[in-house]
$ cat final_28.cif   # mmCIF, C-alpha atoms and all ligand atoms
data_work
#
loop_
_atom_site.label_atom_id
_atom_site.label_comp_id
_atom_site.auth_asym_id
_atom_site.auth_seq_id
_atom_site.Cartn_x
_atom_site.Cartn_y
_atom_site.Cartn_z
CA MET A 222 0.00 0.00 0.00
CA SER A 223 1.45 3.33 -0.95
CA LEU A 224 0.98 6.49 1.03
CA SER A 225 0.04 9.77 -0.56
CA TYR A 226 1.50 12.86 0.98
CA GLN A 227 2.08 16.52 0.40
CA VAL A 228 5.61 17.86 0.15
CA ILE A 229 6.37 21.34 1.41
CA TYR A 230 9.79 22.82 0.67
CA SER A 231 11.13 25.14 3.31
CA LYS A 232 14.25 26.62 4.80
CA ARG A 233 14.49 23.84 7.40
CA LYS A 234 17.66 21.78 7.51
CA THR A 235 16.14 18.35 8.00
CA LEU A 236 13.22 16.37 6.70
CA GLY A 237 10.18 16.10 8.93
CA ILE A 238 7.07 13.96 8.51
CA PHE A 239 3.84 15.20 10.04
CA VAL A 240 0.51 13.43 10.37
CA GLU A 241 -2.11 16.14 10.57
CA ARG A 242 -5.36 16.01 12.53
CA ASP A 243 -7.33 15.17 9.38
CA LYS A 244 -4.86 12.27 8.88
CA SER A 245 -3.25 13.82 5.83
CA ILE A 246 0.50 13.41 5.66
CA VAL A 247 2.76 16.40 5.17
CA VAL A 248 6.48 16.10 4.58
CA ARG A 249 8.51 19.25 5.14
CA VAL A 250 11.87 19.11 3.43
CA PRO A 251 14.85 21.38 2.84
CA GLU A 252 14.74 23.21 -0.48
CA GLY A 253 16.25 21.18 -3.30
CA THR A 254 15.64 17.73 -1.80
CA PRO A 255 15.09 15.31 -4.70
CA LYS A 256 11.70 13.57 -4.87
CA HIS A 257 13.21 10.08 -4.70
CA THR A 258 14.95 10.94 -1.44
CA VAL A 259 11.62 12.04 0.03
CA ASP A 260 9.99 8.82 -1.20
CA GLU A 261 12.76 6.79 0.35
CA VAL A 262 12.48 8.42 3.75
CA VAL A 263 8.68 8.19 3.77
CA ASN A 264 9.02 4.52 2.88
CA GLN A 265 11.44 3.92 5.74
CA LYS A 266 9.06 5.63 8.17
CA LYS A 267 6.00 3.73 6.96
CA ALA A 268 5.53 1.78 10.18
CA TRP A 269 5.70 4.97 12.20
CA ILE A 270 3.22 6.74 9.89
CA TYR A 271 0.69 3.90 10.04
CA ASP A 272 1.04 3.80 13.77
CA LYS A 273 0.47 7.52 13.93
CA LEU A 274 -2.55 7.27 11.63
CA GLY A 275 -4.05 4.59 13.81
CA HIS A 276 -3.28 6.28 17.10
CA GLN A 277 -3.97 9.86 16.23
CA GLN A 278 -5.50 10.69 19.59
CA LYS A 279 -3.06 8.73 21.65
CA TYR A 280 0.63 8.78 22.08
CA HIS A 281 2.18 6.73 19.33
CA ARG A 282 3.75 3.50 20.29
CA ILE A 283 7.29 3.60 21.42
CA SER A 284 8.89 0.23 21.69
CA ASP A 285 12.04 -1.36 22.92
CA SER A 286 12.98 -2.16 19.33
CA LYS A 287 14.34 1.32 18.80
CA GLU A 288 17.22 1.40 16.37
CA PHE A 289 18.45 4.83 17.40
CA ILE A 290 18.38 6.31 13.94
CA SER A 291 17.54 9.87 12.94
CA GLY A 292 13.82 10.48 12.78
CA GLU A 293 12.82 8.15 15.59
CA TYR A 294 10.99 9.64 18.54
CA LEU A 295 11.75 9.42 22.23
CA MET A 296 9.29 10.39 24.89
CA TYR A 297 10.34 12.78 27.61
CA LEU A 298 7.99 14.46 30.12
CA GLY A 299 5.01 13.41 28.02
CA GLU A 300 6.21 14.82 24.71
CA ASN A 301 7.79 13.06 21.79
CA TYR A 302 11.09 14.47 20.64
CA GLN A 303 12.87 13.51 17.47
CA LEU A 304 16.23 11.83 17.54
CA LYS A 305 19.08 13.17 15.42
CA VAL A 306 22.24 11.19 14.94
CA THR A 307 25.07 13.46 13.83
CA PRO A 308 28.56 12.67 12.53
CA LYS A 309 30.02 15.10 15.10
CA LYS A 310 32.03 13.46 17.87
CA PHE A 311 30.81 14.07 21.42
CA ASP A 312 29.83 12.13 24.51
CA GLY A 313 26.39 11.56 25.88
CA VAL A 314 23.11 13.11 24.86
CA VAL A 315 22.41 16.70 23.85
CA PHE A 316 18.83 17.80 24.35
CA ASP A 317 17.86 20.87 22.36
CA ASN A 318 14.22 20.35 21.46
CA ASP A 319 15.57 17.28 19.67
CA PHE A 320 17.66 14.51 21.11
CA ILE A 321 21.10 14.54 19.52
CA ILE A 322 23.73 11.83 19.77
CA SER A 323 26.94 11.22 17.92
CA VAL A 324 26.95 8.45 15.36
CA HIS A 325 30.09 7.16 17.12
CA ASN A 326 27.96 6.41 20.18
CA LYS A 327 25.21 4.66 18.27
CA PRO A 328 26.26 1.16 19.43
CA LYS A 329 25.80 2.20 23.06
CA ALA A 330 22.86 4.55 22.45
CA LYS A 331 20.59 2.62 24.77
CA GLU A 332 23.02 2.93 27.68
CA ILE A 333 23.73 6.60 27.15
CA PHE A 334 20.03 7.42 26.93
CA LYS A 335 19.32 5.39 30.03
CA SER A 336 21.95 7.27 31.98
CA TRP A 337 20.72 10.61 30.59
CA PHE A 338 17.13 9.84 31.63
CA LYS A 339 18.30 8.67 35.03
CA SER A 340 20.46 11.72 35.72
CA ILE A 341 17.73 14.16 34.63
CA GLY A 342 15.13 12.00 36.35
CA ILE A 343 16.75 12.06 39.76
CA LYS A 344 16.92 15.88 39.68
CA VAL A 345 13.32 16.35 38.55
CA ILE A 346 12.00 13.75 40.97
CA SER A 347 14.08 14.90 43.97
CA ASN A 348 12.82 18.47 43.59
CA LYS A 349 9.25 17.30 43.40
CA VAL A 350 9.63 14.90 46.33
CA ASP A 351 11.00 17.75 48.47
CA TYR A 352 8.14 20.00 47.42
CA TYR A 353 5.38 17.50 48.14
CA ALA A 354 7.00 16.12 51.30
CA THR A 355 6.93 19.65 52.73
CA HIS A 356 3.31 20.11 51.70
CA LEU A 357 2.29 16.76 53.16
CA GLY A 358 4.36 17.32 56.29
CA VAL A 359 6.24 14.04 55.93
CA LYS A 360 9.91 13.16 56.16
CA TYR A 361 11.55 10.64 53.86
CA LYS A 362 14.93 9.01 54.12
CA SER A 363 16.26 8.61 50.60
CA ILE A 364 15.28 8.57 46.93
CA LYS A 365 16.57 6.34 44.21
CA LEU A 366 15.66 5.46 40.66
CA SER A 367 15.76 1.84 39.63
CA GLU A 368 14.88 -0.74 37.00
CA MET A 369 11.51 -1.65 38.54
CA LYS A 370 9.28 -3.61 36.19
CA TYR A 371 5.52 -3.07 36.18
CA ARG A 372 5.71 -0.67 39.12
CA TRP A 373 6.15 3.08 39.08
CA GLY A 374 7.25 3.61 42.62
CA SER A 375 7.45 2.24 46.12
CA CYS A 376 7.92 3.56 49.62
CA THR A 377 9.06 1.68 52.72
CA VAL A 378 7.88 2.45 56.24
CA ALA A 379 11.36 3.80 56.91
CA GLY A 380 10.86 6.35 54.12
CA VAL A 381 13.02 4.84 51.39
CA LEU A 382 11.51 5.99 48.11
CA THR A 383 12.20 4.11 44.91
CA PHE A 384 10.94 5.21 41.52
CA ASN A 385 11.03 3.51 38.16
CA TRP A 386 13.39 5.71 36.07
CA ARG A 387 10.99 5.35 33.11
CA ILE A 388 8.41 7.61 34.77
CA ILE A 389 10.48 10.55 33.52
CA LYS A 390 8.94 9.80 30.12
CA ALA A 391 5.45 10.55 31.46
CA PRO A 392 3.76 13.97 31.52
CA VAL A 393 4.53 16.09 34.57
CA PHE A 394 1.05 15.68 36.11
CA VAL A 395 1.55 11.91 36.05
CA ILE A 396 4.99 12.15 37.68
CA ASP A 397 3.48 14.42 40.34
CA TYR A 398 0.75 11.90 41.02
CA ILE A 399 3.20 8.98 41.36
CA ILE A 400 5.29 10.98 43.84
CA VAL A 401 2.30 12.16 45.88
CA HIS A 402 0.97 8.60 45.93
CA GLU A 403 4.19 7.21 47.39
CA LEU A 404 4.62 10.04 49.90
CA ALA A 405 1.01 9.68 51.03
CA HIS A 406 1.94 6.13 52.07
CA LEU A 407 4.13 7.68 54.76
CA ILE A 408 0.85 8.81 56.34
CA HIS A 409 -1.43 5.93 55.33
CA LEU A 410 0.03 2.48 54.72
CA ASN A 411 -3.01 1.39 52.75
CA HIS A 412 -5.27 2.56 49.94
CA SER A 413 -8.10 3.61 52.26
CA ASN A 414 -10.41 6.56 51.66
CA ASP A 415 -8.19 8.57 53.98
CA PHE A 416 -5.24 7.76 51.76
CA TRP A 417 -7.04 8.95 48.61
CA ASN A 418 -8.23 12.09 50.38
CA THR A 419 -4.64 12.91 51.27
CA VAL A 420 -3.63 12.35 47.64
CA ALA A 421 -6.54 14.49 46.41
CA ILE A 422 -5.53 17.46 48.57
CA GLN A 423 -2.19 17.64 46.73
CA GLN A 424 -3.47 16.39 43.38
CA PRO A 425 -7.18 17.17 42.89
CA ASN A 426 -7.02 15.68 39.38
CA PHE A 427 -5.27 12.49 40.37
CA GLU A 428 -7.92 10.39 38.54
CA LYS A 429 -6.69 11.86 35.29
CA ALA A 430 -3.17 10.70 36.09
CA LYS A 431 -4.41 7.23 37.07
CA ASN A 432 -6.24 6.98 33.75
CA TRP A 433 -3.19 8.14 31.84
CA LEU A 434 -1.19 5.34 33.46
CA LYS A 435 -3.89 2.82 32.69
CA GLU A 436 -3.93 3.82 29.01
CA ASN A 437 -0.25 4.50 28.49
CA GLY A 438 1.46 2.26 31.02
CA LYS A 439 2.75 0.08 28.18
CA ILE A 440 4.70 3.02 26.79
CA LEU A 441 6.35 3.51 30.15
CA GLU A 442 7.21 -0.16 30.51
CA ALA A 443 9.40 -0.03 27.41
CA ASP A 444 12.80 1.55 27.93
CA PHE A 445 12.37 4.22 25.26
ZN ZN B 1 -0.05 2.68 46.81
#

$ encode --input "final_28.cif" --output "structure tokens"
Amino acid sequence: MSLSYQVIYSKRKTLGIFVERDKSIVVRVPEGTPKHTVDEVVNQKKAWIYDKLGHQQKYHRISDSKEFISGEYLMYLGENYQLKVTPKKFDGVVFDNDFIISVHNKPKAKEIFKSWFKSIGIKVISNKVDYYATHLGVKYKSIKLSEMKYRWGSCTVAGVLTFNWRIIKAPVFVIDYIIVHELAHLIHLNHSNDFWNTVAIQQPNFEKAKNWLKENGKILEADF
């Protein structure tokens, strides 16, 4: 099945494929890009386009089978950002409205992204934990991010907080909810009405976050 799409030439430096709300496909390309190059790229991105067409209202699927090639998307704080692999030599990940890595690091892309997400994640989460702990009037002992599977966070009676590093991919209101949920367990060890009332005082829209997790949990379970 071939896809029909509109090509718009512009001053941009890279090719971008957009699936519009009416499900039409627009490809924005740098001036002078030959038609066959556009065809080729669209062909390579077919799976992504179909996915996008089928999941217009939802976040598109992001799987573990990422190849770390230019044009792929990675989710961060609930948004999808495009990956660019450049020939320039540098370490780690540069985030500048796109994710940029050096082609030299492509073989270890998964590791460098994991460590980038973890190092950003611990900062974002620590700040939020401090904020909500103060508001809830609770004291915690330590925070760490780990490789939890099928869980977003946990909290021991002693106040040791553990969060799944992948939650940094979720929108901020979801991260807030996960943190408030775990901290509220320092007051209530169960999921009683009192517990949910405590959560609701900090996060009046916590149901929205719970629903987001129900619908998009699969995206979070994958590494990227
Ligand atoms: Zn709980």

$ residues_near_ligand --input "final_28.cif" --ligand "ligand ZN 1 (chain B)" --cutoff "7 Å" --atoms "only C-alpha atoms and all ligand atoms" --output "PyMOL selection string"
chain A and resi 402-403+406+411-412

$ write_last_selection --input "final_28.cif" --atoms "C-alpha atoms" --output "mmCIF file, keeping the file's coordinate frame"
data_model
loop_
_atom_site.group_PDB
_atom_site.id
_atom_site.type_symbol
_atom_site.label_atom_id
_atom_site.label_comp_id
_atom_site.auth_asym_id
_atom_site.auth_seq_id
_atom_site.Cartn_x
_atom_site.Cartn_y
_atom_site.Cartn_z
ATOM 1 C CA HIS A 402 0.970 8.600 45.930
ATOM 2 C CA GLU A 403 4.190 7.210 47.390
ATOM 3 C CA HIS A 406 1.940 6.130 52.070
ATOM 4 C CA ASN A 411 -3.010 1.390 52.750
ATOM 5 C CA HIS A 412 -5.270 2.560 49.940
#

$ closest_residue --input "final_28.cif" --among "A:Lys344, A:Lys266, A:Lys309, A:Lys390" --to "A:Gly292" --atoms "only C-alpha atoms"
A:Lys266

$ closest_residue --input "final_28.cif" --among "A:Arg372, A:Lys431, A:Lys273, A:Lys310" --to "A:Val324" --atoms "only C-alpha atoms"
A:Lys310

$ atom_distance --input "final_28.cif" --atom1 "atom CA of A:Tyr271" --atom2 "atom CA of A:Tyr294"
14.5 Å

$ atom_distance --input "final_28.cif" --atom1 "atom CA of A:Leu441" --atom2 "atom CA of A:Asp312"
25.6 Å

$ atom_distance --input "final_28.cif" --atom1 "atom CA of A:Gln227" --atom2 "atom CA of A:Ala268"
18.0 Å

$ closest_residue --input "final_28.cif" --among "A:Lys244, A:Lys439, A:Lys327, A:Lys429" --to "A:Ile399" --atoms "all atoms listed in the file"
A:Lys429

$ closest_residue --input "final_28.cif" --among "A:Asn418, A:Ile388, A:Ser413, A:Trp337" --to "A:Glu442" --atoms "only C-alpha atoms"
A:Ile388

$ residues_around --input "final_28.cif" --residues "A:Pro251" --least-positions-apart "6" --cutoff "12 Å" --atoms "only C-alpha atoms" --output "tab-separated table (two decimals) with C-alpha atoms, keeping the file's coordinate frame"
chain	number	residue	atom	x	y	z
A	228	VAL	CA	5.61	17.86	0.15
A	229	ILE	CA	6.37	21.34	1.41
A	230	TYR	CA	9.79	22.82	0.67
A	231	SER	CA	11.13	25.14	3.31
A	232	LYS	CA	14.25	26.62	4.80
A	233	ARG	CA	14.49	23.84	7.40
A	234	LYS	CA	17.66	21.78	7.51
A	235	THR	CA	16.14	18.35	8.00
A	236	LEU	CA	13.22	16.37	6.70
A	237	GLY	CA	10.18	16.10	8.93
A	258	THR	CA	14.95	10.94	-1.44
A	259	VAL	CA	11.62	12.04	0.03

$ axis_aligned_box --input "final_28.cif" --around "stretch 392-408 of chain A" --padding-each-side "3 Å" --output "lines of an AutoDock Vina configuration file"
center_x = 3.0
center_y = 11.1
center_z = 43.9
size_x = 10.5
size_y = 16.0
size_z = 30.8

$ residues_around --input "final_28.cif" --residues "A:Val381" --least-positions-apart "3" --cutoff "6 Å" --atoms "only C-alpha atoms" --output "ChimeraX atom specification"
/A:362-363,376-377

$ write_last_selection --input "final_28.cif" --atoms "C-alpha atoms" --output "compact mmCIF listing (two decimals), in the frame of the given file"
# COMPACT_ATOMS: atom_id res chain seq x y z
CA LYS A 362 14.93 9.01 54.12
CA SER A 363 16.26 8.61 50.60
CA CYS A 376 7.92 3.56 49.62
CA THR A 377 9.06 1.68 52.72

$ residues_around --input "final_28.cif" --residues "A:Asp397" --least-positions-apart "2" --cutoff "10 Å" --atoms "all atoms listed in the file" --output "PyMOL selection string"
chain A and resi 346+349-350+353+391-395+399-402+423-424+427+430

$ closest_residue --input "final_28.cif" --among "A:Val378, A:Ile343, A:Val240, A:Ile321" --to "A:Lys365" --atoms "all atoms listed in the file"
A:Ile343

$ build_atoms --input "final_28.cif" --residues "stretch 306-335 of chain A" --atoms "N, CA and C atoms" --output "compact mmCIF listing (two decimals), in the frame of the given file"
# COMPACT_ATOMS: atom_id res chain seq x y z
N VAL A 306 20.92 11.80 14.77
CA VAL A 306 22.24 11.19 14.94
C VAL A 306 23.19 11.97 14.04
N THR A 307 24.18 12.61 14.64
CA THR A 307 25.07 13.46 13.83
C THR A 307 26.46 12.84 13.74
N PRO A 308 27.19 13.20 12.68
CA PRO A 308 28.56 12.67 12.53
C PRO A 308 29.54 13.30 13.53
N LYS A 309 29.13 14.42 14.13
CA LYS A 309 30.02 15.10 15.10
C LYS A 309 30.36 14.17 16.26
N LYS A 310 31.59 14.32 16.77
CA LYS A 310 32.03 13.46 17.87
C LYS A 310 31.80 14.15 19.21
N PHE A 311 30.97 13.57 20.05
CA PHE A 311 30.81 14.07 21.42
C PHE A 311 30.21 12.97 22.28
N ASP A 312 30.34 13.15 23.59
CA ASP A 312 29.83 12.13 24.51
C ASP A 312 28.40 12.43 24.93
N GLY A 313 27.70 11.40 25.25
CA GLY A 313 26.39 11.56 25.88
C GLY A 313 25.31 12.07 24.95
N VAL A 314 24.29 12.66 25.57
CA VAL A 314 23.11 13.11 24.86
C VAL A 314 23.02 14.62 24.95
N VAL A 315 22.72 15.27 23.83
CA VAL A 315 22.41 16.70 23.85
C VAL A 315 20.91 16.82 23.64
N PHE A 316 20.26 17.59 24.52
CA PHE A 316 18.83 17.80 24.35
C PHE A 316 18.59 19.27 24.03
N ASP A 317 18.09 19.50 22.79
CA ASP A 317 17.86 20.87 22.36
C ASP A 317 16.60 20.85 21.49
N ASN A 318 15.50 20.56 22.15
CA ASN A 318 14.22 20.35 21.46
C ASN A 318 14.23 19.14 20.51
N ASP A 319 15.38 18.58 20.31
CA ASP A 319 15.57 17.28 19.67
C ASP A 319 16.57 16.56 20.56
N PHE A 320 16.59 15.25 20.45
CA PHE A 320 17.66 14.51 21.11
C PHE A 320 18.76 14.32 20.09
N ILE A 321 19.99 14.67 20.46
CA ILE A 321 21.10 14.54 19.52
C ILE A 321 22.18 13.64 20.12
N ILE A 322 22.59 12.66 19.35
CA ILE A 322 23.73 11.83 19.77
C ILE A 322 24.71 11.73 18.61
N SER A 323 25.92 11.40 18.95
CA SER A 323 26.94 11.22 17.92
C SER A 323 26.81 9.82 17.32
N VAL A 324 27.04 9.75 16.03
CA VAL A 324 26.95 8.45 15.36
C VAL A 324 27.97 7.46 15.96
N HIS A 325 29.05 8.02 16.51
CA HIS A 325 30.09 7.16 17.12
C HIS A 325 29.56 6.44 18.36
N ASN A 326 28.52 7.01 18.97
CA ASN A 326 27.96 6.41 20.18
C ASN A 326 26.74 5.54 19.91
N LYS A 327 26.42 5.39 18.62
CA LYS A 327 25.21 4.66 18.27
C LYS A 327 25.17 3.24 18.87
N PRO A 328 26.31 2.51 18.86
CA PRO A 328 26.26 1.16 19.43
C PRO A 328 25.86 1.13 20.91
N LYS A 329 26.18 2.21 21.64
CA LYS A 329 25.80 2.20 23.06
C LYS A 329 24.71 3.23 23.34
N ALA A 330 23.90 3.52 22.31
CA ALA A 330 22.86 4.55 22.45
C ALA A 330 21.91 4.25 23.60
N LYS A 331 21.54 3.00 23.73
CA LYS A 331 20.59 2.62 24.77
C LYS A 331 21.14 2.97 26.17
N GLU A 332 22.40 2.66 26.37
CA GLU A 332 23.02 2.93 27.68
C GLU A 332 23.13 4.42 27.93
N ILE A 333 23.56 5.17 26.88
CA ILE A 333 23.73 6.60 27.15
C ILE A 333 22.39 7.30 27.36
N PHE A 334 21.34 6.82 26.69
CA PHE A 334 20.03 7.42 26.93
C PHE A 334 19.52 7.05 28.32
N LYS A 335 19.75 5.81 28.70
CA LYS A 335 19.32 5.39 30.03
C LYS A 335 19.98 6.28 31.08
